[in-house]
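Asks: First, the structure itself, so that you have it in front of you.
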Amino acid sequence: MTDQNGTIESHPLTGDDDGATYAPSAEFRAQANVNDPSVYWRAAEDPEAYWADQASKLKWTKPFTEVLDWTNPPFAKWFQDGELNVAANCLDRHVAAGIGDRVAIHFEGEPGDTRTLTYAELTHEVKRAANMLTSLGVSAGDRVAIYMPMIPETIIAMLAVARLGAAHSVVFGGFSAESLRARIDDAAAELVITADGGYRKGRVSALKPTVDDALALNGGEGSVQKVLVVQRCENDVEMQEGRDLWWHEEITAYDGEHTAQGFPAENPLFILYTSGTTGKPKGILHTSGGYLTQVSTTHRDVFDLKPETDVYWCTADIGWVTGHSYVVYGPLANGATQVVYEGTPETPDWGRWWSIIQKYGVTIFYTAPTAIRACMKIGRQVPEQYDLSSIRVLGSVGEPINPEAWRWYREVVGAGTAPIVDTWWQTETGAIMISPLPGLTALKPGSAQVPQPGIAATVVSESGEPVPNGQGGLLVVQRPWPSMVRTIWGDDQRFIDTYWSKFGDVYFAGDGARLDEDGDVWLLGRVDDVMNVSGHRLSTAEIESALVEHTSVAEAAVVGADDATTGQAVVAFVILKSQQTQLTADDAEPALKKHVAAQIGAIARPRQVFVVTELPKTRSGKIMRRLLKDAAEGKEIGDTTTLADTAVMQTISARMREELGNK
Ligand code: PRX
């Protein structure tokens, strides 16, 4: 595992690698979309030609003549003189090609309600929504915030915004009013699209009240003019006269006539906020032509998609980048049939996912290691009650998959034969960057393995030198790629500083990695103060600042401690203010957990909060998080000689061991 100051050797969860590899079967290989290994060197010889070829599979209203402009690094322009409409590429194009009757979305609501939308129907709905948004004042260049559950209207809303050349900013429905507001303000969105609520864990999880709270902050002043509300759960919501409108009432006024206009390839498509090393989330900006090119290419080749016969299912929420790229844009650009499920895997019981696979005959399944580990804990007897024989490709994303989970996934879900594509990428990369190709790669459990054709990624030392195979280092991308982040919204300097200042014109991903003797990539976790909890990115600084905003907290340090199910878990150490009377050491833990959840969102809720009287600091006053992480994991405490007060760590460590021992 990595640490802020230390070496990068192995990942704690991938330690159980037994060296076995799994080559594609002759049968699979013969039918695979990509089965000629020369694709790698051909793309490496002329990456621009490779990407131009992929881009030309899309429908351009004005063809591009220039592939890449990299004259002003790190600000890339791909296909910049070309024009296209992203939504029309995902919809109208397929209807025009005669596949309008193909199912685009099999929607499964958590309570069991279902809805099927063909490409023709989805196109019709998006056109109506685009007309509705136009009359609400949305036009090219605007930003629209979307705060929704996993229902078809979320996809319809995103595509309608894209169709008009505006940019969406989808905020995950688990984020708090404060977090939502910060994102609305940063993007200066004038319209929010939300729902009364969504179903989660058998209950209604209200959304509209959070939007109301968000908009009431700062004395109710802000950019938002209108709030469009989809009715999903019929829970009670307040509608503010003049501001709030029901989607189902408004939409009746609009028909399905709408001609899509082409927009420049570099027109913003979306902003998606992600945690960085400081408290303020970064608005990752993605644009149109390059993004759509790479998400559609990787979706087709990495998952070996056969749009005529496959039923694809990615379990990610649309509020994260995986939902953007591999629920919305990739699958729809490819004319795929997919399942969209609203709820959680354990509702009403842990058989839910497997029953959905059986019901729809899912052939390609894409999920996160944390979910696989949770299912493993429940036991294989649950999936074994279902017919999962339709599965032919499995995917993993969000964090390293430990070989034990990999083998379980392949055996129990993939009948011992389905290839698993372990896909490494980030919000910033927009699309898959490193992954096996299922018809070509001999799979190694725990490794994401190979940079995709047209992608140049490697591992370097702190000083930017290539490291020998077998040794840990930092993952970098050496050449621009079509779906790369274009900037941090409103903050070009932060974009440069975060990703491009360490090694010049080379993209620094923030991940530790190692190349093995075959040159395959093994990811070793983040090297910065970003945690990965259940495949979600959280910043230690953001949680620390939420904690110190509590009136009783004087100081806080947060670490991501290794966790057998969630990959990492948030562990907080706090010093309470001595003069305060509101919070005692005993009620601090539940109160502060709740406080963090209310400030940021439930995903950031710490697993543990420890009240301490001092934090380990260097003589220059820097908190030694590495030591706290060791303590939180019940490990031997490393070198404490640089600490101002070495006794602090002994006390914390003794307490932690006691707590962990008692668990
Ligand atoms: O640390 C890497 C980890 O997730 C980070 C990106 O998080 P986010 O932007 O939220 O996007 C997640 C979904 C694409 C990376 O910096 N990560 C993602 N996929 C993998 C991974 N680590 C190891 N193996 C993976 N397959």
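Following the order of the structure tokens, chains are lettered A, B, ..., residues in each are numbered from 1, and ligands are numbered from 1.
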May I have the residues within 7 Å of ligand 1, computed using only C-alpha atoms and all ligand atoms, as a list in words?
Replies: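 If we count only C-alpha atoms and all ligand atoms, the neighbours of ligand 1 turn out to be Thr274, Trp320, Val321, Thr322, Ser396, Val397, Gly398, Glu399, Pro400, Ile401, Asp422, Thr423, Trp424, Trp425, Gln426, Thr427, Glu428, Ala448, Ala509, Gly510, Asp511, Leu523, Leu524, Gly525, Arg526, Asn532, Gly535, His536 and Arg537 of chain A.
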Asks: List as a ChimeraX atom specification the protein and nucleic acid residues near stretch 66-78 of chain A, meaning an atom at most 8 Å away when only C-alpha atoms are counted, but skip any in the same chain fewer than 4 places from it.
Replies: /A:48,51-52,265-266,289-290,480,482,486-487,496,500,505
Asks: Keeping only all heavy atoms, write those residues as a short mmCIF file (atom, residue, chain, number, x, y, z; two decimals), in the first residue's frame.
Replies:
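For reference, again25.cif as written:
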data_model
loop_
_atom_site.label_atom_id
_atom_site.label_comp_id
_atom_site.auth_asym_id
_atom_site.auth_seq_id
_atom_site.Cartn_x
_atom_site.Cartn_y
_atom_site.Cartn_z
N GLU A 48 -3.30 8.92 -33.33
CA GLU A 48 -4.30 9.85 -33.89
C GLU A 48 -5.12 9.18 -34.98
O GLU A 48 -6.33 9.38 -35.07
CB GLU A 48 -3.63 11.13 -34.39
CG GLU A 48 -3.13 11.97 -33.23
CD GLU A 48 -2.61 13.32 -33.66
OE1 GLU A 48 -3.09 13.86 -34.68
OE2 GLU A 48 -1.71 13.84 -32.97
N TRP A 51 -7.64 6.91 -33.26
CA TRP A 51 -8.80 7.60 -32.67
C TRP A 51 -9.67 8.25 -33.75
O TRP A 51 -10.89 8.31 -33.60
CB TRP A 51 -8.35 8.63 -31.62
CG TRP A 51 -7.87 7.96 -30.36
CD1 TRP A 51 -6.63 8.03 -29.80
CD2 TRP A 51 -8.64 7.09 -29.50
NE1 TRP A 51 -6.56 7.26 -28.65
CE2 TRP A 51 -7.79 6.68 -28.44
CE3 TRP A 51 -9.95 6.61 -29.52
CZ2 TRP A 51 -8.21 5.82 -27.42
CZ3 TRP A 51 -10.37 5.76 -28.50
CH2 TRP A 51 -9.51 5.37 -27.47
N ALA A 52 -9.06 8.70 -34.83
CA ALA A 52 -9.86 9.27 -35.92
C ALA A 52 -10.77 8.20 -36.50
O ALA A 52 -11.95 8.44 -36.81
CB ALA A 52 -8.93 9.83 -37.00
N ALA A 265 -17.18 19.90 -31.45
CA ALA A 265 -16.72 18.74 -30.69
C ALA A 265 -16.26 19.11 -29.29
O ALA A 265 -16.36 18.32 -28.37
CB ALA A 265 -15.58 18.06 -31.45
N GLU A 266 -15.75 20.31 -29.12
CA GLU A 266 -15.27 20.72 -27.80
C GLU A 266 -16.33 21.43 -26.96
O GLU A 266 -16.03 22.01 -25.92
CB GLU A 266 -14.01 21.59 -27.92
CG GLU A 266 -12.75 20.78 -28.27
CD GLU A 266 -12.35 19.76 -27.19
OE1 GLU A 266 -12.77 19.91 -26.03
OE2 GLU A 266 -11.62 18.82 -27.52
N GLY A 289 -17.10 15.49 -28.52
CA GLY A 289 -16.70 14.54 -29.57
C GLY A 289 -15.69 13.50 -29.08
O GLY A 289 -15.85 12.29 -29.33
N GLY A 290 -14.65 13.95 -28.40
CA GLY A 290 -13.62 13.02 -27.91
C GLY A 290 -14.19 12.11 -26.86
O GLY A 290 -13.92 10.89 -26.84
N PRO A 480 -2.04 12.70 -24.65
CA PRO A 480 -3.45 13.06 -24.47
C PRO A 480 -4.36 11.98 -25.06
O PRO A 480 -3.97 11.27 -25.98
CB PRO A 480 -3.58 14.37 -25.25
CG PRO A 480 -2.38 14.49 -26.09
CD PRO A 480 -1.30 13.66 -25.49
N PRO A 482 -8.72 11.02 -26.03
CA PRO A 482 -9.90 11.80 -26.44
C PRO A 482 -10.85 12.18 -25.31
O PRO A 482 -11.40 13.28 -25.33
CB PRO A 482 -10.60 10.85 -27.43
CG PRO A 482 -9.55 9.94 -27.92
CD PRO A 482 -8.56 9.78 -26.82
N ARG A 486 -10.93 18.28 -19.60
CA ARG A 486 -10.42 19.45 -20.32
C ARG A 486 -9.91 20.54 -19.39
O ARG A 486 -8.99 21.27 -19.70
CB ARG A 486 -11.49 20.02 -21.25
CG ARG A 486 -11.91 19.07 -22.36
CD ARG A 486 -10.73 18.63 -23.21
NE ARG A 486 -11.12 18.02 -24.47
CZ ARG A 486 -11.21 16.72 -24.71
NH1 ARG A 486 -10.90 15.84 -23.78
NH2 ARG A 486 -11.59 16.28 -25.90
N THR A 487 -10.57 20.66 -18.24
CA THR A 487 -10.08 21.57 -17.21
C THR A 487 -10.89 21.32 -15.95
O THR A 487 -11.81 20.49 -15.94
CB THR A 487 -10.20 23.05 -17.64
OG1 THR A 487 -9.51 23.88 -16.69
CG2 THR A 487 -11.65 23.52 -17.71
N ILE A 496 -3.93 22.64 -13.93
CA ILE A 496 -2.50 22.49 -14.22
C ILE A 496 -1.76 21.95 -13.00
O ILE A 496 -1.01 20.98 -13.07
CB ILE A 496 -1.90 23.85 -14.66
CG1 ILE A 496 -2.56 24.33 -15.96
CG2 ILE A 496 -0.38 23.78 -14.80
CD1 ILE A 496 -2.25 25.77 -16.34
N TRP A 500 -0.68 18.22 -13.87
CA TRP A 500 0.35 18.42 -14.89
C TRP A 500 1.62 19.06 -14.39
O TRP A 500 2.55 19.24 -15.16
CB TRP A 500 -0.21 19.27 -16.06
CG TRP A 500 -1.45 18.68 -16.63
CD1 TRP A 500 -2.74 18.98 -16.28
CD2 TRP A 500 -1.55 17.65 -17.63
NE1 TRP A 500 -3.62 18.22 -17.00
CE2 TRP A 500 -2.93 17.40 -17.84
CE3 TRP A 500 -0.61 16.93 -18.37
CZ2 TRP A 500 -3.38 16.44 -18.75
CZ3 TRP A 500 -1.06 15.99 -19.28
CH2 TRP A 500 -2.43 15.76 -19.46
N ASP A 505 4.38 17.67 -19.25
CA ASP A 505 3.22 17.40 -20.10
C ASP A 505 2.68 15.98 -19.97
O ASP A 505 2.08 15.45 -20.89
CB ASP A 505 3.59 17.66 -21.57
CG ASP A 505 3.80 19.14 -21.82
OD1 ASP A 505 3.53 19.94 -20.89
OD2 ASP A 505 4.26 19.48 -22.92
#
Asks: Name the residues in contact with A:Asp244 at a cut-off of 10 Å, using only C-alpha atoms, excluding same-chain residues fewer than 4 positions from it; report them as number ranges by chain.
Replies: A: 191-193, 212, 225-229, 238-240
Asks: Taking only residues of stretch 107-160 of chain A that have an atom at most 12 Å from an atom of stretch 331-352 of chain A, what is each one's shortest atom pair and its distance in Å to one decimal, using only C-alpha atoms, in chain and number order, as a Markdown table?
Replies:
| residue | atom | partner | partner_atom | distance |
| --- | --- | --- | --- | --- |
| A:Phe107 | CA | A:Val340 | CA | 4.8 |
| A:Glu108 | CA | A:Tyr341 | CA | 4.8 |
| A:Gly109 | CA | A:Glu342 | CA | 5.0 |
| A:Glu110 | CA | A:Gly343 | CA | 4.8 |
| A:Pro111 | CA | A:Pro348 | CA | 8.4 |
| A:Gly112 | CA | A:Glu342 | CA | 9.7 |
| A:Asp113 | CA | A:Glu342 | CA | 10.1 |
| A:Thr114 | CA | A:Tyr341 | CA | 9.4 |
| A:Arg115 | CA | A:Val340 | CA | 9.8 |
| A:Thr116 | CA | A:Val339 | CA | 9.4 |
| A:Leu117 | CA | A:Thr337 | CA | 9.7 |
| A:Thr118 | CA | A:Thr337 | CA | 8.7 |
| A:Tyr119 | CA | A:Gly335 | CA | 7.9 |
| A:Ala120 | CA | A:Gly335 | CA | 11.3 |
| A:Leu122 | CA | A:Leu332 | CA | 10.3 |
| A:Thr123 | CA | A:Leu332 | CA | 10.9 |
| A:Met148 | CA | A:Glu342 | CA | 10.6 |
| A:Pro149 | CA | A:Glu342 | CA | 7.0 |
| A:Met150 | CA | A:Glu342 | CA | 4.6 |
| A:Ile151 | CA | A:Glu342 | CA | 6.2 |
| A:Pro152 | CA | A:Val340 | CA | 7.9 |
| A:Glu153 | CA | A:Val340 | CA | 11.4 |
| A:Thr154 | CA | A:Val340 | CA | 10.9 |
| A:Ile155 | CA | A:Val340 | CA | 10.0 |
| A:Ile156 | CA | A:Leu332 | CA | 11.6 |
| A:Leu159 | CA | A:Leu332 | CA | 10.2 |
Asks: Per DSSP on the backbone, what are the strand (DSSP E or B) residues of stretch 159-195 of chain A, as a PyMOL selection string?
Replies: chain A and resi 167-170+175+191-195
Asks: Save the residues we just selected, C-alpha atoms, as a CSV table (one decimal), in the first residue's frame?
Replies:
chain,number,residue,atom,x,y,z
A,167,ALA,CA,-24.0,21.0,-19.9
A,168,HIS,CA,-25.3,18.9,-17.1
A,169,SER,CA,-23.9,18.7,-13.6
A,170,VAL,CA,-25.3,15.5,-12.0
A,175,PHE,CA,-25.1,14.2,-1.2
A,191,LEU,CA,-32.2,25.0,-13.5
A,192,VAL,CA,-32.3,22.0,-11.1
A,193,ILE,CA,-34.0,18.8,-12.2
A,194,THR,CA,-34.9,16.6,-9.3
A,195,ALA,CA,-37.6,14.1,-8.1
Asks: Taking only C-alpha atoms into account, produce a table as a tab-separated table in which each residue of stretch 343-434 of chain A with an atom at most 10 Å from an atom of stretch 443-446 of chain A appears once, together with its shortest atom pair and the distance in Å to one decimal, ordered by chain and rising number.
Replies:
residue	atom	partner	partner_atom	distance
A:Glu399	CA	A:Gly446	CA	9.9
A:Pro400	CA	A:Gly446	CA	6.3
A:Ile401	CA	A:Gly446	CA	5.2
A:Asn402	CA	A:Gly446	CA	5.2
A:Pro403	CA	A:Pro445	CA	4.9
A:Glu404	CA	A:Pro445	CA	8.3
A:Ala405	CA	A:Pro445	CA	8.8
A:Trp406	CA	A:Pro445	CA	5.9
A:Arg407	CA	A:Pro445	CA	7.4
A:Arg410	CA	A:Pro445	CA	9.9
A:Pro419	CA	A:Leu443	CA	7.6
A:Ile420	CA	A:Leu443	CA	7.5
A:Val421	CA	A:Leu443	CA	8.1
A:Asp422	CA	A:Gly446	CA	7.8
Asks: Go ahead and dump the residues you just picked, N, CA, C and O atoms, as a PDB file, in the first residue's frame.
Replies:
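Result saved to result_11.pdb:
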ATOM      1  N   GLU A 399     -11.881   0.269  -7.834  1.00  0.00           N
ATOM      2  CA  GLU A 399     -10.809  -0.006  -6.883  1.00  0.00           C
ATOM      3  C   GLU A 399     -10.180  -1.328  -7.312  1.00  0.00           C
ATOM      4  O   GLU A 399     -10.763  -2.063  -8.120  1.00  0.00           O
ATOM      5  N   PRO A 400      -9.029  -1.647  -6.773  1.00  0.00           N
ATOM      6  CA  PRO A 400      -8.439  -2.935  -7.149  1.00  0.00           C
ATOM      7  C   PRO A 400      -9.351  -4.067  -6.698  1.00  0.00           C
ATOM      8  O   PRO A 400      -9.980  -3.970  -5.648  1.00  0.00           O
ATOM      9  N   ILE A 401      -9.436  -5.119  -7.487  1.00  0.00           N
ATOM     10  CA  ILE A 401     -10.230  -6.280  -7.063  1.00  0.00           C
ATOM     11  C   ILE A 401      -9.251  -7.320  -6.517  1.00  0.00           C
ATOM     12  O   ILE A 401      -8.301  -7.697  -7.196  1.00  0.00           O
ATOM     13  N   ASN A 402      -9.485  -7.740  -5.294  1.00  0.00           N
ATOM     14  CA  ASN A 402      -8.572  -8.727  -4.715  1.00  0.00           C
ATOM     15  C   ASN A 402      -8.810 -10.072  -5.390  1.00  0.00           C
ATOM     16  O   ASN A 402      -9.942 -10.418  -5.734  1.00  0.00           O
ATOM     17  N   PRO A 403      -7.743 -10.854  -5.616  1.00  0.00           N
ATOM     18  CA  PRO A 403      -7.874 -12.114  -6.345  1.00  0.00           C
ATOM     19  C   PRO A 403      -8.939 -13.039  -5.775  1.00  0.00           C
ATOM     20  O   PRO A 403      -9.621 -13.742  -6.528  1.00  0.00           O
ATOM     21  N   GLU A 404      -9.122 -13.040  -4.455  1.00  0.00           N
ATOM     22  CA  GLU A 404     -10.136 -13.916  -3.870  1.00  0.00           C
ATOM     23  C   GLU A 404     -11.532 -13.526  -4.386  1.00  0.00           C
ATOM     24  O   GLU A 404     -12.327 -14.389  -4.782  1.00  0.00           O
ATOM     25  N   ALA A 405     -11.810 -12.219  -4.409  1.00  0.00           N
ATOM     26  CA  ALA A 405     -13.108 -11.744  -4.919  1.00  0.00           C
ATOM     27  C   ALA A 405     -13.209 -12.013  -6.422  1.00  0.00           C
ATOM     28  O   ALA A 405     -14.265 -12.364  -6.937  1.00  0.00           O
ATOM     29  N   TRP A 406     -12.098 -11.831  -7.108  1.00  0.00           N
ATOM     30  CA  TRP A 406     -12.055 -12.082  -8.566  1.00  0.00           C
ATOM     31  C   TRP A 406     -12.465 -13.515  -8.854  1.00  0.00           C
ATOM     32  O   TRP A 406     -13.319 -13.788  -9.704  1.00  0.00           O
ATOM     33  N   ARG A 407     -11.872 -14.460  -8.117  1.00  0.00           N
ATOM     34  CA  ARG A 407     -12.147 -15.885  -8.373  1.00  0.00           C
ATOM     35  C   ARG A 407     -13.594 -16.231  -8.031  1.00  0.00           C
ATOM     36  O   ARG A 407     -14.253 -16.989  -8.740  1.00  0.00           O
ATOM     37  N   ARG A 410     -15.831 -14.859 -10.824  1.00  0.00           N
ATOM     38  CA  ARG A 410     -15.762 -15.685 -12.034  1.00  0.00           C
ATOM     39  C   ARG A 410     -16.488 -17.016 -11.835  1.00  0.00           C
ATOM     40  O   ARG A 410     -17.254 -17.441 -12.698  1.00  0.00           O
ATOM     41  N   PRO A 419     -14.897 -14.126 -18.924  1.00  0.00           N
ATOM     42  CA  PRO A 419     -13.751 -13.258 -18.686  1.00  0.00           C
ATOM     43  C   PRO A 419     -14.147 -12.096 -17.780  1.00  0.00           C
ATOM     44  O   PRO A 419     -15.283 -11.620 -17.846  1.00  0.00           O
ATOM     45  N   ILE A 420     -13.212 -11.676 -16.919  1.00  0.00           N
ATOM     46  CA  ILE A 420     -13.465 -10.493 -16.079  1.00  0.00           C
ATOM     47  C   ILE A 420     -12.566  -9.377 -16.579  1.00  0.00           C
ATOM     48  O   ILE A 420     -11.342  -9.546 -16.649  1.00  0.00           O
ATOM     49  N   VAL A 421     -13.167  -8.241 -16.920  1.00  0.00           N
ATOM     50  CA  VAL A 421     -12.354  -7.093 -17.299  1.00  0.00           C
ATOM     51  C   VAL A 421     -12.272  -6.152 -16.102  1.00  0.00           C
ATOM     52  O   VAL A 421     -13.270  -5.624 -15.637  1.00  0.00           O
ATOM     53  N   ASP A 422     -11.068  -6.030 -15.564  1.00  0.00           N
ATOM     54  CA  ASP A 422     -10.821  -5.138 -14.421  1.00  0.00           C
ATOM     55  C   ASP A 422     -10.398  -3.805 -15.020  1.00  0.00           C
ATOM     56  O   ASP A 422      -9.302  -3.668 -15.543  1.00  0.00           O
TER      57      ASP A 422
END
Asks: Nearest to A:Gly567: which of A:Ala554, A:Val161, A:Ala30, A:Val533 is it, counting only C-alpha atoms?
Replies: A:Val533
Asks: Would you list, as a VMD selection string, the residues of stretch 215-291 of chain A that end up in alpha helix (DSSP H) under DSSP run on this structure's backbone?
Replies: chain A and resid 215 to 216 247 to 250 289 to 291
Asks: Pull N, CA, C and O atoms from the residues just selected and write them as a PDB file, in the first residue's frame.
Replies:
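The file below, again_31.pdb, is the result:
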ATOM      1  N   LEU A 215     -31.286  25.290  -1.716  1.00  0.00           N
ATOM      2  CA  LEU A 215     -31.567  26.598  -2.312  1.00  0.00           C
ATOM      3  C   LEU A 215     -31.853  27.662  -1.245  1.00  0.00           C
ATOM      4  O   LEU A 215     -31.706  28.854  -1.500  1.00  0.00           O
ATOM      5  N   ALA A 216     -32.227  27.215  -0.047  1.00  0.00           N
ATOM      6  CA  ALA A 216     -32.495  28.176   1.028  1.00  0.00           C
ATOM      7  C   ALA A 216     -31.202  28.682   1.673  1.00  0.00           C
ATOM      8  O   ALA A 216     -31.214  29.708   2.366  1.00  0.00           O
ATOM      9  N   TRP A 247     -42.614  17.950 -13.541  1.00  0.00           N
ATOM     10  CA  TRP A 247     -42.234  17.450 -14.873  1.00  0.00           C
ATOM     11  C   TRP A 247     -43.466  16.907 -15.598  1.00  0.00           C
ATOM     12  O   TRP A 247     -43.720  17.244 -16.749  1.00  0.00           O
ATOM     13  N   HIS A 248     -44.251  16.030 -14.925  1.00  0.00           N
ATOM     14  CA  HIS A 248     -45.358  15.347 -15.625  1.00  0.00           C
ATOM     15  C   HIS A 248     -46.449  16.328 -16.041  1.00  0.00           C
ATOM     16  O   HIS A 248     -47.194  16.061 -16.975  1.00  0.00           O
ATOM     17  N   GLU A 249     -46.562  17.452 -15.366  1.00  0.00           N
ATOM     18  CA  GLU A 249     -47.547  18.451 -15.791  1.00  0.00           C
ATOM     19  C   GLU A 249     -47.016  19.278 -16.962  1.00  0.00           C
ATOM     20  O   GLU A 249     -47.700  19.492 -17.955  1.00  0.00           O
ATOM     21  N   GLU A 250     -45.764  19.702 -16.841  1.00  0.00           N
ATOM     22  CA  GLU A 250     -45.158  20.539 -17.886  1.00  0.00           C
ATOM     23  C   GLU A 250     -45.058  19.807 -19.220  1.00  0.00           C
ATOM     24  O   GLU A 250     -45.361  20.355 -20.272  1.00  0.00           O
ATOM     25  N   GLY A 289     -17.096  15.487 -28.519  1.00  0.00           N
ATOM     26  CA  GLY A 289     -16.696  14.537 -29.568  1.00  0.00           C
ATOM     27  C   GLY A 289     -15.695  13.497 -29.083  1.00  0.00           C
ATOM     28  O   GLY A 289     -15.854  12.295 -29.327  1.00  0.00           O
ATOM     29  N   GLY A 290     -14.646  13.946 -28.402  1.00  0.00           N
ATOM     30  CA  GLY A 290     -13.621  13.024 -27.915  1.00  0.00           C
ATOM     31  C   GLY A 290     -14.186  12.107 -26.857  1.00  0.00           C
ATOM     32  O   GLY A 290     -13.923  10.893 -26.841  1.00  0.00           O
ATOM     33  N   TYR A 291     -14.978  12.667 -25.970  1.00  0.00           N
ATOM     34  CA  TYR A 291     -15.585  11.869 -24.897  1.00  0.00           C
ATOM     35  C   TYR A 291     -16.433  10.746 -25.488  1.00  0.00           C
ATOM     36  O   TYR A 291     -16.279   9.575 -25.139  1.00  0.00           O
TER      37      TYR A 291
END
Asks: Can you work out which one of A:Ser653, A:Gln80, A:Thr277, A:Ser539 has the shortest atom-to-atom distance to A:Ala632, counting only C-alpha atoms?
Replies: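 When distances to A:Ala632 are compared using only C-alpha atoms, the smallest one comes from A:Ser653.
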Asks: What is the atom CA of A:Ser447-atom CA of A:Val34 distance in Å, reported with one decimal?
Replies: 19.9 Å
Asks: Output as a Markdown table one row per residue of stretch 480-560 of chain A within 6 Å of stretch 573-587 of chain A: the closest atom pair and its distance in Å to one decimal place, counting only C-alpha atoms, sorted by chain and residue number ascending.
Replies:
| residue | atom | partner | partner_atom | distance |
| --- | --- | --- | --- | --- |
| A:Ser552 | CA | A:Lys577 | CA | 5.5 |
| A:Val553 | CA | A:Leu576 | CA | 4.5 |
| A:Ala554 | CA | A:Lys577 | CA | 4.9 |
| A:Glu555 | CA | A:Ile575 | CA | 5.1 |
| A:Ala556 | CA | A:Val574 | CA | 4.3 |
| A:Ala557 | CA | A:Phe573 | CA | 5.2 |
Asks: List the neighbours of A:Ile364 out to 9 Å using only C-alpha atoms; skip same-chain residues closer than 5 positions along the sequence, and give me the result as number ranges by chain.
Replies: A: 303-305, 310-314, 390-395
Asks: Keeping only N, CA and C atoms, write the selected residues to a file as a CSV table (one decimal), in the first residue's frame.
Replies:
chain,number,residue,atom,x,y,z
A,303,PHE,N,-16.1,-4.6,-23.3
A,303,PHE,CA,-17.1,-5.5,-22.9
A,303,PHE,C,-17.5,-6.5,-24.0
A,304,ASP,N,-16.9,-6.4,-25.2
A,304,ASP,CA,-17.2,-7.2,-26.3
A,304,ASP,C,-18.6,-7.2,-26.7
A,305,LEU,N,-19.1,-5.9,-26.7
A,305,LEU,CA,-20.6,-5.8,-26.9
A,305,LEU,C,-21.1,-6.2,-28.3
A,310,ASP,N,-26.8,-8.8,-26.9
A,310,ASP,CA,-26.4,-8.6,-25.5
A,310,ASP,C,-27.4,-7.9,-24.7
A,311,VAL,N,-27.5,-8.2,-23.4
A,311,VAL,CA,-28.2,-7.4,-22.4
A,311,VAL,C,-27.2,-7.0,-21.4
A,312,TYR,N,-26.9,-5.7,-21.4
A,312,TYR,CA,-25.8,-5.2,-20.6
A,312,TYR,C,-26.4,-4.6,-19.3
A,313,TRP,N,-25.7,-4.7,-18.2
A,313,TRP,CA,-26.1,-4.1,-17.0
A,313,TRP,C,-24.9,-3.6,-16.2
A,314,CYS,N,-24.9,-2.3,-16.0
A,314,CYS,CA,-23.9,-1.7,-15.1
A,314,CYS,C,-24.6,-1.2,-13.9
A,390,SER,N,-26.8,-16.8,-18.6
A,390,SER,CA,-26.7,-15.9,-19.7
A,390,SER,C,-25.4,-15.1,-19.6
A,391,ILE,N,-24.8,-14.9,-18.5
A,391,ILE,CA,-23.6,-14.1,-18.3
A,391,ILE,C,-22.4,-14.6,-19.2
A,392,ARG,N,-21.8,-13.6,-20.0
A,392,ARG,CA,-20.7,-14.0,-20.8
A,392,ARG,C,-19.5,-13.1,-20.6
A,393,VAL,N,-19.7,-11.9,-20.0
A,393,VAL,CA,-18.5,-11.0,-19.7
A,393,VAL,C,-18.8,-10.4,-18.4
A,394,LEU,N,-17.8,-10.3,-17.5
A,394,LEU,CA,-18.0,-9.6,-16.2
A,394,LEU,C,-17.0,-8.4,-16.2
A,395,GLY,N,-17.4,-7.3,-15.5
A,395,GLY,CA,-16.5,-6.2,-15.4
A,395,GLY,C,-16.4,-5.7,-14.0
Asks: Using only C-alpha atoms, pick whichever of A:Asp516, A:Asp185, A:Glu83, A:Glu542 has the shortest atom-to-atom distance to A:Ala604.
Replies: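 Of A:Asp516, A:Asp185, A:Glu83, A:Glu542, the one nearest A:Ala604, counting only C-alpha atoms, is A:Glu542.
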Asks: Mind giving me the straight-line distance from atom CA of A:Ile455 to atom CA of A:Tyr50 in Å, one decimal?
Replies: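 Distance between the two atoms: 10.2 Å.
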